[in-house]
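K.L.:
Have a look at the structure that comes next, please.
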Amino acid sequence: MAAYNNWTIAEARDKFRAKEITSEELTLSCISAIDDADALGAFVHKTPDEAIDQAKSADLRLKQGDAPALCGIPIGVKDLFACKGVLTQAASKILEGFKPEYESTVTQNLKNAGAITLGKLNMDEFAMGSSNETSVYGNAINPWKVSDKVLTPGGSSGGSASAVAADLCLGAIGTDTGGSIRQPAAFTGIVGIKPTYGRCSRWGIVSFASSLDQAGPMCKSVRDTAIMLEAMCGFDNKDSTSSESQVPNFEAMLTGDIKGKKIGIPREYRLEGMSPQIESLWQDGADMLRDAGAEIVDISLPHTKYALPAYYVIAPAEASSNLARYDGVRFGRRATLSASENITEMYERSRSEGFGMEVQRRVMIGTYVLSAGFYDAYYNRARKVRSLIKKDFEDVFGTGVDAILTPTTPSAAFELGKMESADPVEMYLNDVFTVTVNLAGLPGISIPAGLNSEGLPLGLQLIGRPWEEGDLMNIAYTLETATGFSKKPEKWW
Amino acid sequence: MSIDRATAARVAKLARIKVEESSLDSLASEFNQILGFIEQLNEVNVEGIEPMTSVSPQKLKRRIDQVSDGDQQDRVLSNAPDAREGFFAVPKVVE
């Protein structure tokens, strides 16, 4: 069978419209690539039959003409999105066997646009992690490899990143609470955008930290992310924080013209001991944007240093509340009880058996910072610092800056297992450049910008003004064109 | 602020997570690492700053208070670990 799975969404759309190929053919090509890639641990629940049915309907729709851009495009879905009748476990033992009776708004929007869902993708348990090592399914693996080292695809959307980078699907959806779309995108050489808070409905997405969580697309090009984001987002009655802001035609905004745009380079993101490769890549990115007609300005975001500590109060606090629902009563897994055990023991044992260590740690930290006597000292202080972080960005945008350029991560993908002995805080540092964006509710996009000396991809992040994803993606598109990055991992799986 | 064994046990109890006696010391030590990291927030001058309550300035929407859904007992119970006669079943709560 011919392989089409390495196409971009835009390419496939054009071939559909030219009647050169059917969605069913493309879908079969992806299914075969998925079956061939179990070694990557990316797809954890496959739904090939459903996918083929969807593809047949999409082909009918395509034949009738006037089908949306995503019609017939096979994608993967992070295990955090509820899909009706399909196992949805947030990579946690506590949701063992959970088959939702409802569909998340984002996946419903994608299905309405004609997208084909190939199955569920691996992730860190409850999206808590930066290496996909906390999943009940086992690790997802990065298709990029250096000699014999097995690398993390990043996290928490590690399966989504691995699947897209390995051409198992044309695009995938992820979620981003502190960097969970952008860090894995950077680690695997793909594009990932976290839209403005409120752009995508959170209804039907397993909650981690409700004031930070956002869904977004992970794709092979900026154009593909524009196509996919447009189909995903929009106001939803079922999520009162979803925005009524108009959803523009994002793809039409990719003009490649950024003349006169002001791009800020924040001095606080220049970390001591940062790899010279990342520093020079960052400089190259700024030069390319300048060559394309943008004005590069130095800016200051003075509270950057406090973003991670504030995040590690706010996110666990919200998680401790959100995860209280896993009590072994209404859904998910209940511990096997002896006759003498009471309801409190049922809660305690169901939760200690069902939650992995990182999730337990965060739920307990969250419980502590919200507990009587510590609420003001930790939680309220963190929320005040969050106000200051948001104000840092508002001040910078107030001076006319259109977007901010930073590295996405402080390093390239690391070896699986490498952080095992490290203390939890060391793992948290992966999100140092991305977490500010969640705290301020802004859109942020990571695009692959080059390879390091080991041959691993590195990403650059652009941060935009709220609701200006179109403008942001146009700047990213311009940078993508300038870097000309087109490297793919060599197939070893 | 340092978390000792007893505090770790209290937090675990509040979070309804069973932690074995033998794990309390390592748990307390992990808490201290994370809290040590969080302590940096004390360097920030937050006087007069309001705690952030909403990411975007939009007001929460209101809707009419009316029944819009219901009558789906089977679907509500379909994922329950133990459902009997149309109810969620749990160990005895009241003697």
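In the structure tokens, chains take letters A, B, ... by order of appearance, with residues numbered from 1 within each chain and ligands from 1 in the order shown.
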Pick out the chain B residues within 7 Å of chain A. Count only C-alpha atoms. Give them as a list of chain:residue names.

P.N.:
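Applying the cut-off to the listed atoms yields B:Val11, B:Ala12, B:Ala15, B:Arg16, B:Ile17, B:Lys18, B:Phe31, B:Ile34, B:Phe37, B:Ile38, B:Gln40, B:Leu41, B:Val46, B:Ile49, B:Glu50, B:Pro51, B:Met52, B:Val55, B:Leu60, B:Lys61, B:Arg75, B:Asn79, B:Ala80, B:Pro81, B:Phe88, B:Val90, B:Pro91, B:Lys92, B:Val93.
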
K.L.:
Just list the residues in segment 34-71 of chain B DSSP gives helix (DSSP H, G or I) on the backbone, as a list in words.

P.N.:
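Listing helix (DSSP H, G or I) positions across segment 34-71 of chain B yields Ile34, Leu35, Gly36, Phe37, Ile38, Glu39, Gln40, Leu41, Asn42 and Glu43 of chain B.
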
K.L.:
Could you work out how far atom CA of Ser486 of chain A lies from atom CA of Ala286 of chain A, giving the answer in Å with one decimal?

P.N.:
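Value for the atom CA of Ala286 of chain A-atom CA of Ser486 of chain A distance: 19.4 Å.
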
K.L.:
When you draw a straight line from atom CA of Arg465 of chain A to atom CA of Ala403 of chain A, how long is it in Å?

P.N.:
6.8 Å

K.L.:
Could you check the closest approach to Asp395 of chain A for each of A:Val136, A:Ile299, A:Leu451, A:Val247 and tell me which residue wins, using only C-alpha atoms?

P.N.:
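Nearest candidate to Asp395 of chain A out of A:Val136, A:Ile299, A:Leu451, A:Val247: A:Ile299.
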
K.L.:
Hey, what's within 10 Å of Asp257 of chain A if we count only C-alpha atoms and toss same-chain stuff fewer than 6 positions away? As a list in words, please?

P.N.:
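In the requested form, the answer reads Ala292, Gly293, Ala294, Asn474, Ile475, Tyr477 and Thr478 of chain A.
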
K.L.:
Hey, can you spit out that residue selection with N, CA and C atoms as a PDB file, in the first residue's frame?

P.N.:
ATOM      1  N   ALA A 292      12.885  39.745   7.832  1.00  0.00           N
ATOM      2  CA  ALA A 292      11.561  39.708   7.208  1.00  0.00           C
ATOM      3  C   ALA A 292      10.801  41.018   7.411  1.00  0.00           C
ATOM      4  N   GLY A 293      11.454  41.971   8.066  1.00  0.00           N
ATOM      5  CA  GLY A 293      10.839  43.292   8.172  1.00  0.00           C
ATOM      6  C   GLY A 293      10.313  43.655   9.550  1.00  0.00           C
ATOM      7  N   ALA A 294      10.528  42.765  10.531  1.00  0.00           N
ATOM      8  CA  ALA A 294      10.061  43.079  11.884  1.00  0.00           C
ATOM      9  C   ALA A 294      11.097  43.925  12.610  1.00  0.00           C
ATOM     10  N   ASN A 474       0.833  33.998  11.958  1.00  0.00           N
ATOM     11  CA  ASN A 474       1.455  34.577  10.770  1.00  0.00           C
ATOM     12  C   ASN A 474       2.938  34.868  11.017  1.00  0.00           C
ATOM     13  N   ILE A 475       3.260  35.341  12.213  1.00  0.00           N
ATOM     14  CA  ILE A 475       4.668  35.579  12.549  1.00  0.00           C
ATOM     15  C   ILE A 475       5.412  34.236  12.611  1.00  0.00           C
ATOM     16  N   TYR A 477       4.606  31.565  11.034  1.00  0.00           N
ATOM     17  CA  TYR A 477       4.677  31.073   9.649  1.00  0.00           C
ATOM     18  C   TYR A 477       5.866  31.708   8.923  1.00  0.00           C
ATOM     19  N   THR A 478       6.049  32.987   9.164  1.00  0.00           N
ATOM     20  CA  THR A 478       7.167  33.698   8.542  1.00  0.00           C
ATOM     21  C   THR A 478       8.500  33.129   9.027  1.00  0.00           C
TER      22      THR A 478
END

K.L.:
Return the single residue from A:Asn122, A:Ser411, A:Ser453, A:Asn322 that is closest to Leu429 of chain A, with distances computed using only C-alpha atoms.

P.N.:
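Using only C-alpha atoms, the shortest distance to Leu429 of chain A belongs to A:Ser411.
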
K.L.:
Find, counting only C-alpha atoms, the residue in A:Asp224, A:Glu358, A:Glu295, A:Asp38 that gets nearest to Trp7 of chain A.

P.N.:
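Smallest separation from Trp7 of chain A among the options: A:Asp224.
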
K.L.:
Rank nothing, just name the residue among A:Gly459, A:Met128, A:Trp492, A:Glu272 nearest to Ala39 of chain A, using only C-alpha atoms.

P.N.:
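Ranked by minimum distance to Ala39 of chain A, first place goes to A:Trp492.
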